[in-house]
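Peer 1: Questions regarding the structure given below will be posed in turn.
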Amino acid sequence: MFGKLSLSSVCFLRFRQSHLALASLRRAPRSSPLLFLFFTLSLVTSAILLGGCGSAMSTPIFPPPPPGPTTVAVLLSSTGNDKLTNFDLSIANITLADKAGNSVVLYNNPNALAPGSLSATEFMHLNGVSEPLVAVSVPQGTYSAATVTAGWCDFTNVFNTPASGLERSTYAEGQCGQGTGNTTVNLPSPITISASPMALSLNLQVPQSYTLNGMGASATYTISPVFTLTPVPISSPPTSEQNGKITGVDAQIASINTTGNGFAVKTVDSFSLNVKADNSTVYQGVAGFSTLAVGTLVNMDLAIQPDASLLATRVEVNDIAAPTVETGPFFLPLAQAGLFSTNPIEHEGCAFPAGSIPQCTAFFQVDSNTVFIVSGQLSNLLNLPFTPNFSSATIFTGQNLSVFSSGTPVTGHSEQIATTITLTPQSLTGTVTAVSNSNGFNVYTVALAPYDLIPALQAYSNPGNRLSNPDAVIVYADTNTHLLNSAPIGIGSVLRFRGLLFDDNGTVRMDCAQINDGVPE
């Protein structure tokens, strides 16, 4: 243990040591041949010992202990246009490295490299939004590089051909990166992990991650994923994707902690998350926390907390009795009345036949008991300048749906009875052609690319569900809309709009929740 002496005490000790040295010199025989040398050394020693007695003393300085690690939330997201409906990729490993070559593992899933792995993440439903992957302890420091090793990958698009009409093709490569598992991870700038709460966003750059030449079975293609990794500062409370607010996470409850008012879920991409709830959590479709049960399918908004834990700010239950749900665009109405197919992007609660890949039907039947509802992710429907309506009469191709069912096909058929159909938000890329205002909303007329699902599928819709102008969407943005675009919106702006789509007497209108910078079409 180190103590601190006063300046006078230190000087006294030094003087006493000097005095003893001189006294020894006096007692030495004068005939000693070392007398002169000893006398000189004694004087030097005295000078050293007495040095500093006319000035202040400094306390010994010891280096501070190294800073401890910080818990960081790792998020998945994507940036893309509307050319693809699906992009599946399984992540095996994510690491960070500093300039000295020291690395830290953010995520590790060796099962993703196994042949036939079912751990793939679907990235197109994350276009402009995020999904939590993991919370991990990261040593504080500055990191200048990252690597991602990938397993299985594939992508799907829908297109029209002169010969066969509408086609939907999936291009699979086995292991990504032409069988190497290699990917490209770009850091716009070095990432500094400090004591401040933060997240890291791993964003798949979809247009740069694949090539496709031709259509259908004769097409040639490559899949070489490209990511950007950027820090996300966490606000308290977070308000948007840019500071820790995560919206519209689909999951199934795996367990409930009744004493801690929390629950564990498994997301549609099979990631396990622990979620807390508190008195501010808003419940939609159920009375409250006590109504939740293992197996319940939920849609949640989450707020990342300073310790990287997740707080549910909104929990929505659309069909508490349904064991399965599939989410994706309404694809085609079929010949039989009330029968339709979807392009499934997300699956929850699907059956796993023994020894085979889980199969979720894409065919559904609407009957007199089917309930049509609108997701509670947006709360301003009553304020819109038009009357939003979602029903069997206004459903249209390209509209994003969550279809709940019993998971059991109708006897003798492949379709399942849809117990609940929920209209859910989706992202669209388009070019602004007109700007106006209406009842407190900024209104943007947005032209869609010809390959977008809405215009591409219109030729195959029933006459009663065809749109008068499928190439355009009227977008309504109010003060609740998160404006994450980097430049002012004007005619010619290419942007990604996320919200709920409605058919208003043949015109497609969007209640917009978020606007991001667009991707060249």
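Following the order of the structure tokens, chains are lettered A, B, ..., residues in each are numbered from 1, and ligands are numbered from 1.
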For Asp278 (chain A), find every residue with an atom within 8 Å (counting only C-alpha atoms), except residues of its own chain fewer than 2 positions away, and show them as a PDB file with N, CA and C atoms, in the first residue's frame.

Peer 2:
```pdb
ATOM      1  N   ASN A 261     -41.613 -10.345 -16.231  1.00  0.00           N
ATOM      2  CA  ASN A 261     -42.355  -9.593 -17.243  1.00  0.00           C
ATOM      3  C   ASN A 261     -41.591  -9.538 -18.567  1.00  0.00           C
ATOM      4  N   LYS A 276     -37.879  -7.799 -23.035  1.00  0.00           N
ATOM      5  CA  LYS A 276     -38.524  -7.323 -21.817  1.00  0.00           C
ATOM      6  C   LYS A 276     -39.770  -6.527 -22.174  1.00  0.00           C
ATOM      7  N   SER A 280     -45.125   0.560 -20.083  1.00  0.00           N
ATOM      8  CA  SER A 280     -45.340   1.389 -21.263  1.00  0.00           C
ATOM      9  C   SER A 280     -45.587   0.570 -22.526  1.00  0.00           C
ATOM     10  N   THR A 281     -45.392  -0.749 -22.465  1.00  0.00           N
ATOM     11  CA  THR A 281     -45.587  -1.594 -23.638  1.00  0.00           C
ATOM     12  C   THR A 281     -47.048  -1.551 -24.086  1.00  0.00           C
ATOM     13  N   LEU A 311     -36.363  -3.920 -25.306  1.00  0.00           N
ATOM     14  CA  LEU A 311     -37.631  -3.613 -24.663  1.00  0.00           C
ATOM     15  C   LEU A 311     -38.711  -3.563 -25.726  1.00  0.00           C
ATOM     16  N   ALA A 312     -39.787  -4.332 -25.536  1.00  0.00           N
ATOM     17  CA  ALA A 312     -40.911  -4.308 -26.462  1.00  0.00           C
ATOM     18  C   ALA A 312     -41.753  -3.067 -26.191  1.00  0.00           C
TER      19      ALA A 312
END
```

Peer 1: Counting only C-alpha atoms, what is within 12 Å of Ser144 (chain A), bar same-chain residues fewer than 4 positions away, as a list of chain:residue names?

Peer 2: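 Neighbouring residues, sequence-local ones excluded: A:Thr95, A:Leu96, A:Ala97, A:Asp98, A:Lys99, A:Ala100, A:Gly101, A:Asn102, A:Ser103, A:Val185, A:Asn186, A:Leu187, A:Pro188, A:Ser189, A:Pro190, A:Ile191, A:Thr192, A:Ile193, A:Leu229, A:Thr230.
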
Peer 1: Mind pulling up the distance from CA of Asn243 (chain A) to CA of Thr296 (chain A)?

Peer 2: 28.7 Å

Peer 1: Give me the residues of region 356-471 of chain A that have any atom at most 10 Å from an atom of region 124-141 of chain A; for each, the nearest atom pair and the distance in Å, rounded to one decimal. Use only C-alpha atoms, sort by chain and number, and format it as CSV.

Peer 2:
```
residue,atom,partner,partner_atom,distance
A:Pro425,CA,A:His125,CA,9.7
A:Gln426,CA,A:His125,CA,7.6
A:Ser427,CA,A:Asn127,CA,6.7
A:Leu428,CA,A:Asn127,CA,9.1
```

Peer 1: Would you kindly return, as a ChimeraX atom specification, each protein, DNA or RNA residue with an atom no farther than 8 Å from any atom of region 332-344 of chain A, considering only C-alpha atoms and excluding same-chain residues fewer than 2 positions away?

Peer 2: /A:326-330,346-347,362-367,397,457,460-462

Peer 1: Running DSSP on the backbone, which parts of region 119-301 of chain A land in strand (DSSP E), as a ChimeraX atom specification?

Peer 2: /A:121-122,131-138,141-143,145-161,165-175,184-186,191-193,198-205,210-213,220-223,226-233,245-257,262-267,272-276,282-284,297-301

Peer 1: Quick one: residues within 10 Å of Asp517 (chain A), only C-alpha atoms counted, chain neighbours fewer than 6 positions away excluded, as a PyMOL selection string?

Peer 2: chain A and resi 79+128+429+483-487+489+493-497

Peer 1: When distances are computed from only C-alpha atoms, which of A:Ser468, A:Asn389, A:Thr424, A:Ser194 shows the smallest separation from Ser375 (chain A)?

Peer 2: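 Answer, going by the shortest atom-to-atom distance: A:Thr424.
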
Peer 1: Between A:Leu297, A:Met510, A:Ile234, A:Val206, which has the minimum distance to Asn81 (chain A) (counting only C-alpha atoms)?

Peer 2: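 Of the candidates, the smallest distance to Asn81 (chain A) is held by A:Val206.
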
Peer 1: Residues near Pro388 (chain A), anyone? I mean within 8 Å using only C-alpha atoms, not counting same-chain ones fewer than 4 positions away, as a PyMOL selection string.

Peer 2: chain A and resi 381+384+502-504

Peer 1: Report as a PDB file with C-alpha atoms, in the first residue's frame all protein, DNA and RNA residues lying within 9 Å of Glu173 (chain A), evaluated on only C-alpha atoms, omitting residues in the same chain fewer than 2 positions from it.

Peer 2:
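Generated output (part14.pdb):
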```pdb
ATOM      1  CA  TRP A 152     -26.043 -21.147 -48.399  1.00  0.00           C
ATOM      2  CA  CYS A 153     -27.459 -18.320 -50.559  1.00  0.00           C
ATOM      3  CA  ASP A 154     -30.083 -17.845 -53.261  1.00  0.00           C
ATOM      4  CA  TYR A 171     -31.263 -19.034 -58.430  1.00  0.00           C
ATOM      5  CA  GLN A 175     -22.296 -21.886 -50.624  1.00  0.00           C
ATOM      6  CA  CYS A 176     -22.075 -18.177 -51.374  1.00  0.00           C
ATOM      7  CA  GLY A 177     -19.144 -16.568 -53.137  1.00  0.00           C
ATOM      8  CA  GLN A 178     -19.001 -19.235 -55.842  1.00  0.00           C
ATOM      9  CA  GLY A 179     -18.522 -21.956 -53.268  1.00  0.00           C
ATOM     10  CA  TYR A 221     -25.713 -15.700 -62.461  1.00  0.00           C
ATOM     11  CA  THR A 222     -23.304 -15.243 -59.566  1.00  0.00           C
ATOM     12  CA  ILE A 223     -23.878 -14.526 -55.871  1.00  0.00           C
TER      13      ILE A 223
END
```

Peer 1: Need the shell around Asn86 (chain A): protein/DNA/RNA residues with any atom at most 8 Å away, counting only C-alpha atoms. Skip same-chain ones fewer than 2 positions apart. Format as a PyMOL selection string?

Peer 2: chain A and resi 84+88+122-125+155-157+345

Peer 1: Would you mind telling me which residue in A:Gln208, A:Asn400, A:Ser235, A:Ser218 lies nearest to Leu453 (chain A) when using only C-alpha atoms?

Peer 2: A:Asn400

Peer 1: Between A:Val475, A:Leu113, A:Ala277, A:Leu76, which has the minimum distance to Asp301 (chain A) (counting only C-alpha atoms)?

Peer 2: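 When distances to Asp301 (chain A) are compared using only C-alpha atoms, the smallest one comes from A:Ala277.
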
Peer 1: Per DSSP on the backbone, what are the helix (DSSP H, G or I) residues of region 56-256 of chain A, as a list in words?

Peer 2: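 The residues of region 56-256 of chain A classed as helix (DSSP H, G or I) are Pro110, Asn111, Ala112, Leu113, Met124, His125, Leu126, Cys176, Gly177, Gln178, Gly179, Val206, Pro207, Gln208, Ser209, Gly216, Ala217 and Ser218 of chain A.
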
Peer 1: With distances taken over only C-alpha atoms, which of A:Asn108, A:Gln284, A:Thr85, A:Asn318 is nearest to Phe159 (chain A)?

Peer 2: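 Checking each candidate against Phe159 (chain A), we get A:Thr85 as the closest.
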
Peer 1: For a quick check of understanding, using only C-alpha atoms, which of A:Gln514, A:Ser290, A:Ser272, A:Ser392 has the smallest distance to Gln377 (chain A)?

Peer 2: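 So, comparing all the options, the nearest one is A:Gln514.
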